[in-house]
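Since the structure comes first, as structure tokens, the remarks are kept for the end.
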Amino acid sequence: MSRPIVAVVGRPNVGKSTLFNKLAGERISIVQDTPGVTRDRIYADVEWLDKKFTLIDTGGMEPDAEDIILRQILIQAQIAIDTADVILFVCDVKSGVTDADMQVANMLRRTNKPIVLAVNKVDSTERDTMNIYEFYSMAIGDPIPVSAANMLGLGDLLDEVCSHFPEDAVYDEEDEKIKVAIIGKPNVGKSSLINHILGEDRLIVSNIAGTTRDAIDTEIEIDGDKFVFIDTAGMRRKSKIKEEIERYSIIRAVAAVERADVVVLVIDANEGITDQDTKIAGIAHERGKAAVVAVNKWDSIEKNDKTMNKYLKDIELELAYMPYAPKVFISAHTGQRVGRLIELIKMANENHALRVSTGLLNDVLIEATAIQQPPQDKGKQLKLYYITQASVKPPTFVIFVNDRQLFHFSYRRFIENKLREAFGFSGTPIGLL
């Protein structure tokens with residue numbers, strides 16, 4: 001079987017995300033004293049001694065909630081519970097056992113899965129001993145006192161969690177999945193796009209801006225190729241960010257781009273490309289990521305034979321710095337050209353990792369210099385001796401020259417264009433050193 005999955009669950013504000021972050025060793029989930037901040041499942045790979053497992057953070061569970069977002073959070077948490085091999089149930093020693101805790105405990109008991117009860121915010125076991133004993137009343141098992149904020153008791157907690165893993169669990173596996181980050185402004189249809197690809201409502205979808213505040217990893221296999229889709233929080237201009245939560249979301253989106261192999265910039269066809277879209281795309285370009293531009297909601301606008309060309313010209317003008325990114329006009333609602341989008345993602349990923357032999361590169365270099373002589377300045381002419389590929393993701397090339405100052409931007413762009421003509425590289429930036 002695959003590596004074990006541990007779901008972190010509990011009612012709001014018991015410290016689930018703080019505990020999740022400490023166990024993961026990095027700040028992955030948003031942590032703030034606002035109920036309902038963690039809205040979707042968040043994944044992280046965790047290693048404890050010789051054991052590796054996947055940790056899932058979930059939103060606060062409120063079984064009796066009527067609010068639409070809170071109800072969807074409960075559904076998301078239930079999906080995480082169904083997926084998990086072990087459930088890590090987190091409670092708050094300062095609040096004691098609440099009615100909501102009892103409701104969650106009753107829910108978990110029906111799963112017939114191993115449950116580890118963590119009583120959080122225990123800064124002193126001597127002082128809180130009697131309060132810890134209260135949690136035996138839930139009949140979940142022995143409560144393990146921890147303080148996520150102060151990193152107390154986490155070793156004992158991890159030992160207990162790992163003791164429930166199946167004996168045939170796999171703790172080391174090759175990851176050859178294509179990681180795809182879906183980025184864009186709020187409400188352009190990022191979550192809806194992933195839901196259509198998945199064929200299930202795996203991510204929360206609503207027309208409330210900012211519903212997806214964290215980056216969520218979703219795995220799927222399509223025609224034998226394995227993908228990890230990373231849905232990100234919609235990024236807004238700084239002037240519009242009023243909540244600290246959304247500041248964290250932008251950091252999360254940038255981090256999602258860092259982790260991705262391919263970035264899909266989703267644009268709303270009703271709005272056209274905006275200044276904010278160009279800034280979001282720039283994040284991917286500056287980090288050398290493969291990219292595809294998807295114009296969503298194409299089914300919702302009136303079109304004639306000139307509409308698509310106008311959109312293409314506008315995009316090419318605004319995204320002049322990334323002409324390599326293929327464009328596709330889609331509808332996440334109807335599924336129009338979503339299959340084509342998947343093909344472009346695969347192509348961009350292959351080109352992002354493309355390696356070219358030194359011999360072929362130098363053939364192109366010789367031909368390029370014959371077509372257009374290298375520039376000269378004050379009687380001194382640029383000489384290009386040799387080219388070789390230094391790395392991939394993105395493809396990066398080193399050109400040996402006689403004088404680096406003579407290698408002007410315009411001639412550098414000319415060489416790049418010749419490399420693209422010869423080898424394609426559609427969907428990926430390339431670097432020349």
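Residues are named by chain letter and number: chains run A, B, ... in the order of the structure tokens, numbers start at 1 in each chain, and ligands are numbered from 1 in the order shown.
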
- Would you list, as an MDAnalysis selection string, the residues of region 258-318 of chain A that end up in alpha helix (DSSP H) under DSSP run on this structure's backbone? chainID A and resid 258:259 275:286 307:318

- Item | All residues 10 Å or closer to region 94-96 of chain A, only C-alpha atoms, same chain fewer than 2 positions away omitted, as a ChimeraX atom specification | /A:14,91-92,98-99,101,119-122,128,131-135

- Item | Two-atom distance - CA of Gly153 (chain A), CA of Met130 (chain A) (Å) |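 Pair CA of Gly153 (chain A) / CA of Met130 (chain A) returns 17.3 Å.
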
- Message: Considering only strand (DSSP E) as DSSP defines it on the backbone, what residues of region 233-393 of chain A qualify? List them as a PyMOL selection string.
- Response: chain A and resi 262-268+290-296+327-329+376-377+380-381+384-391

- Task: Name the residues in contact with Val356 (chain A) at a cut-off of 12 Å, using only C-alpha atoms, excluding same-chain residues fewer than 4 positions from it; report them as a list in words.
- Result: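 Once the nearby chain positions are removed, what remains is Asn351, His352, Leu360, Leu361, Asn362, Asp363, Val364, Ile387, Thr388, Gln389, Ala390, Ser391, Val392, Pro395, Thr396, Phe397, Leu419, Arg420, Ala422, Phe423, Gly424 and Phe425 of chain A.
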
Save the residues we just selected, C-alpha atoms, as an mmCIF file, in the first residue's frame?
data_model
loop_
_atom_site.group_PDB
_atom_site.id
_atom_site.type_symbol
_atom_site.label_atom_id
_atom_site.label_comp_id
_atom_site.auth_asym_id
_atom_site.auth_seq_id
_atom_site.Cartn_x
_atom_site.Cartn_y
_atom_site.Cartn_z
ATOM 1 C CA ASN A 351 9.741 20.791 -22.530
ATOM 2 C CA HIS A 352 10.547 22.138 -19.068
ATOM 3 C CA LEU A 360 23.102 19.738 -31.584
ATOM 4 C CA LEU A 361 23.282 22.965 -29.582
ATOM 5 C CA ASN A 362 26.538 24.005 -31.227
ATOM 6 C CA ASP A 363 25.143 23.219 -34.683
ATOM 7 C CA VAL A 364 22.338 25.701 -33.966
ATOM 8 C CA ILE A 387 27.278 26.377 -25.919
ATOM 9 C CA THR A 388 26.257 23.634 -23.502
ATOM 10 C CA GLN A 389 23.198 22.910 -21.360
ATOM 11 C CA ALA A 390 23.766 23.417 -17.648
ATOM 12 C CA SER A 391 20.414 22.322 -16.195
ATOM 13 C CA VAL A 392 16.706 21.690 -16.737
ATOM 14 C CA PRO A 395 16.334 24.516 -19.566
ATOM 15 C CA THR A 396 19.395 26.663 -18.942
ATOM 16 C CA PHE A 397 22.349 27.085 -21.307
ATOM 17 C CA LEU A 419 17.002 27.609 -29.918
ATOM 18 C CA ARG A 420 13.202 27.671 -29.751
ATOM 19 C CA ALA A 422 15.201 24.274 -33.412
ATOM 20 C CA PHE A 423 13.937 22.466 -30.300
ATOM 21 C CA GLY A 424 10.499 23.899 -29.523
ATOM 22 C CA PHE A 425 10.520 24.624 -25.780
#

- Task: For Leu55 (chain A), please output as a list in words all residues within 9 Å (counting only C-alpha atoms; exclusion window: fewer than 4 positions along the same chain).
- Result: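 Listed by chain and then number, they are Pro4, Ile5, Val6, Ala7, Val8, Phe20, Leu23, Ala24, Ile42, Tyr43, Ala44, Asp45, Val46 and Ala84 of chain A.
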
Take the residues just selected and output them with N, CA and C atoms as a short mmCIF file (atom, residue, chain, number, x, y, z; two decimals), in the first residue's frame.
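Contents of result-v7.cif, as written:
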data_model
loop_
_atom_site.label_atom_id
_atom_site.label_comp_id
_atom_site.auth_asym_id
_atom_site.auth_seq_id
_atom_site.Cartn_x
_atom_site.Cartn_y
_atom_site.Cartn_z
N PRO A 4 1.18 5.87 4.77
CA PRO A 4 -0.01 6.11 5.60
C PRO A 4 -0.47 7.56 5.56
N ILE A 5 -1.76 7.76 5.81
CA ILE A 5 -2.35 9.10 5.85
C ILE A 5 -2.93 9.33 7.24
N VAL A 6 -2.60 10.49 7.81
CA VAL A 6 -3.09 10.87 9.14
C VAL A 6 -3.90 12.16 9.00
N ALA A 7 -5.17 12.13 9.40
CA ALA A 7 -6.03 13.31 9.33
C ALA A 7 -6.08 13.99 10.69
N VAL A 8 -5.81 15.29 10.73
CA VAL A 8 -5.90 16.08 11.96
C VAL A 8 -7.28 16.72 12.01
N PHE A 20 -0.34 20.97 13.28
CA PHE A 20 0.01 20.52 11.94
C PHE A 20 1.32 21.15 11.48
N LEU A 23 4.36 19.67 13.35
CA LEU A 23 4.68 18.31 12.92
C LEU A 23 5.27 18.31 11.51
N ALA A 24 4.80 19.22 10.66
CA ALA A 24 5.28 19.29 9.28
C ALA A 24 6.63 20.00 9.20
N ILE A 42 -5.37 20.41 3.84
CA ILE A 42 -4.00 20.79 3.50
C ILE A 42 -3.13 19.55 3.73
N TYR A 43 -2.23 19.28 2.80
CA TYR A 43 -1.41 18.08 2.86
C TYR A 43 0.05 18.43 3.13
N ALA A 44 0.75 17.56 3.84
CA ALA A 44 2.19 17.70 4.03
C ALA A 44 2.79 16.32 4.28
N ASP A 45 3.99 16.12 3.77
CA ASP A 45 4.71 14.87 4.04
C ASP A 45 5.52 15.05 5.31
N VAL A 46 5.39 14.10 6.23
CA VAL A 46 6.04 14.18 7.53
C VAL A 46 6.89 12.93 7.73
N ALA A 84 -8.16 8.71 5.57
CA ALA A 84 -7.07 8.50 6.52
C ALA A 84 -6.95 7.06 7.00
#

- Message: Residues near Tyr386 (chain A), anyone? I mean within 8 Å using only C-alpha atoms, not counting same-chain ones fewer than 3 positions away, as a PyMOL selection string.
- Response: chain A and resi 362+365+399-401

Excluding region 310-327 of chain A and its own-chain neighbours fewer than 3 positions away, which residues fall within 10 Å of it when counting only C-alpha atoms? Please give them as a PDB file with C-alpha atoms, in the first residue's frame.
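And here's result_21.pdb as it stands now:
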ATOM      1  CA  VAL A 263       1.687  26.805 -13.638  1.00  0.00           C
ATOM      2  CA  VAL A 264      -1.752  27.392 -15.171  1.00  0.00           C
ATOM      3  CA  LEU A 265      -2.753  31.064 -15.124  1.00  0.00           C
ATOM      4  CA  ILE A 267      -8.070  34.384 -16.662  1.00  0.00           C
ATOM      5  CA  ALA A 269     -13.021  35.758 -20.159  1.00  0.00           C
ATOM      6  CA  GLY A 272     -10.211  39.957 -20.090  1.00  0.00           C
ATOM      7  CA  ILE A 273      -6.587  40.117 -19.024  1.00  0.00           C
ATOM      8  CA  THR A 274      -5.970  42.662 -16.283  1.00  0.00           C
ATOM      9  CA  ASP A 275      -2.957  44.301 -14.709  1.00  0.00           C
ATOM     10  CA  ASP A 277      -3.144  38.933 -14.111  1.00  0.00           C
ATOM     11  CA  THR A 278       0.180  40.152 -15.479  1.00  0.00           C
ATOM     12  CA  LYS A 279       1.595  40.480 -11.961  1.00  0.00           C
ATOM     13  CA  ALA A 281       1.946  35.549 -14.222  1.00  0.00           C
ATOM     14  CA  GLY A 282       5.191  37.359 -13.409  1.00  0.00           C
ATOM     15  CA  ALA A 284       5.723  32.111 -12.319  1.00  0.00           C
ATOM     16  CA  HIS A 285       7.958  33.646 -14.994  1.00  0.00           C
ATOM     17  CA  GLU A 286      10.496  35.010 -12.511  1.00  0.00           C
ATOM     18  CA  ALA A 290       6.559  26.167 -17.250  1.00  0.00           C
ATOM     19  CA  ALA A 291       3.275  27.962 -17.918  1.00  0.00           C
ATOM     20  CA  VAL A 292      -0.045  27.678 -19.725  1.00  0.00           C
ATOM     21  CA  VAL A 293      -2.620  30.493 -19.976  1.00  0.00           C
ATOM     22  CA  ALA A 294      -6.236  29.313 -19.680  1.00  0.00           C
ATOM     23  CA  VAL A 295      -9.016  31.783 -20.487  1.00  0.00           C
ATOM     24  CA  ASP A 305     -14.981  35.354 -35.822  1.00  0.00           C
ATOM     25  CA  LYS A 306     -12.675  38.075 -34.429  1.00  0.00           C
ATOM     26  CA  THR A 307     -13.201  37.552 -30.671  1.00  0.00           C
ATOM     27  CA  ILE A 330     -11.846  26.805 -21.808  1.00  0.00           C
ATOM     28  CA  LEU A 341      -5.507  22.042 -21.422  1.00  0.00           C
ATOM     29  CA  LEU A 344      -0.709  21.482 -23.036  1.00  0.00           C
ATOM     30  CA  ILE A 345       0.244  20.901 -19.392  1.00  0.00           C
ATOM     31  CA  MET A 347       3.745  19.245 -23.265  1.00  0.00           C
ATOM     32  CA  ALA A 348       4.947  22.169 -21.139  1.00  0.00           C
ATOM     33  CA  ARG A 420      13.202  27.671 -29.751  1.00  0.00           C
ATOM     34  CA  GLY A 424      10.499  23.899 -29.523  1.00  0.00           C
ATOM     35  CA  PHE A 425      10.520  24.624 -25.780  1.00  0.00           C
ATOM     36  CA  SER A 426       6.841  25.626 -25.960  1.00  0.00           C
ATOM     37  CA  GLY A 427       5.462  26.299 -22.512  1.00  0.00           C
ATOM     38  CA  THR A 428       8.770  26.882 -20.748  1.00  0.00           C
ATOM     39  CA  PRO A 429      11.157  29.789 -20.276  1.00  0.00           C
ATOM     40  CA  ILE A 430      14.787  29.135 -21.112  1.00  0.00           C
TER      41      ILE A 430
END

- Would you mind telling me which residue in A:Ile56, A:Glu302, A:Asp82, A:Leu108 lies nearest to Thr218 (chain A) when using only C-alpha atoms? A:Ile56

- Contacts of His196 (chain A) within 8 Å, only C-alpha atoms, excl. fewer than 4 positions in-chain, as a VMD selection string: chain A and resid 192 200 332 to 333 335

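Relative to CA of Gly431 (chain A), CA of Tyr385 (chain A) is found at 17.7 Å.
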
- Task: Work out how far CA of Glu350 (chain A) is from CA of Trp298 (chain A), in Å to one decimal.
- Result: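 Answer for the CA of Trp298 (chain A) to CA of Glu350 (chain A) separation: 27.1 Å.
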
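Nearest to Ser137 (chain A) of all the residues A:Met107, A:Ile81, A:Asn309, A:Met102 is A:Met102, based on only C-alpha atoms.
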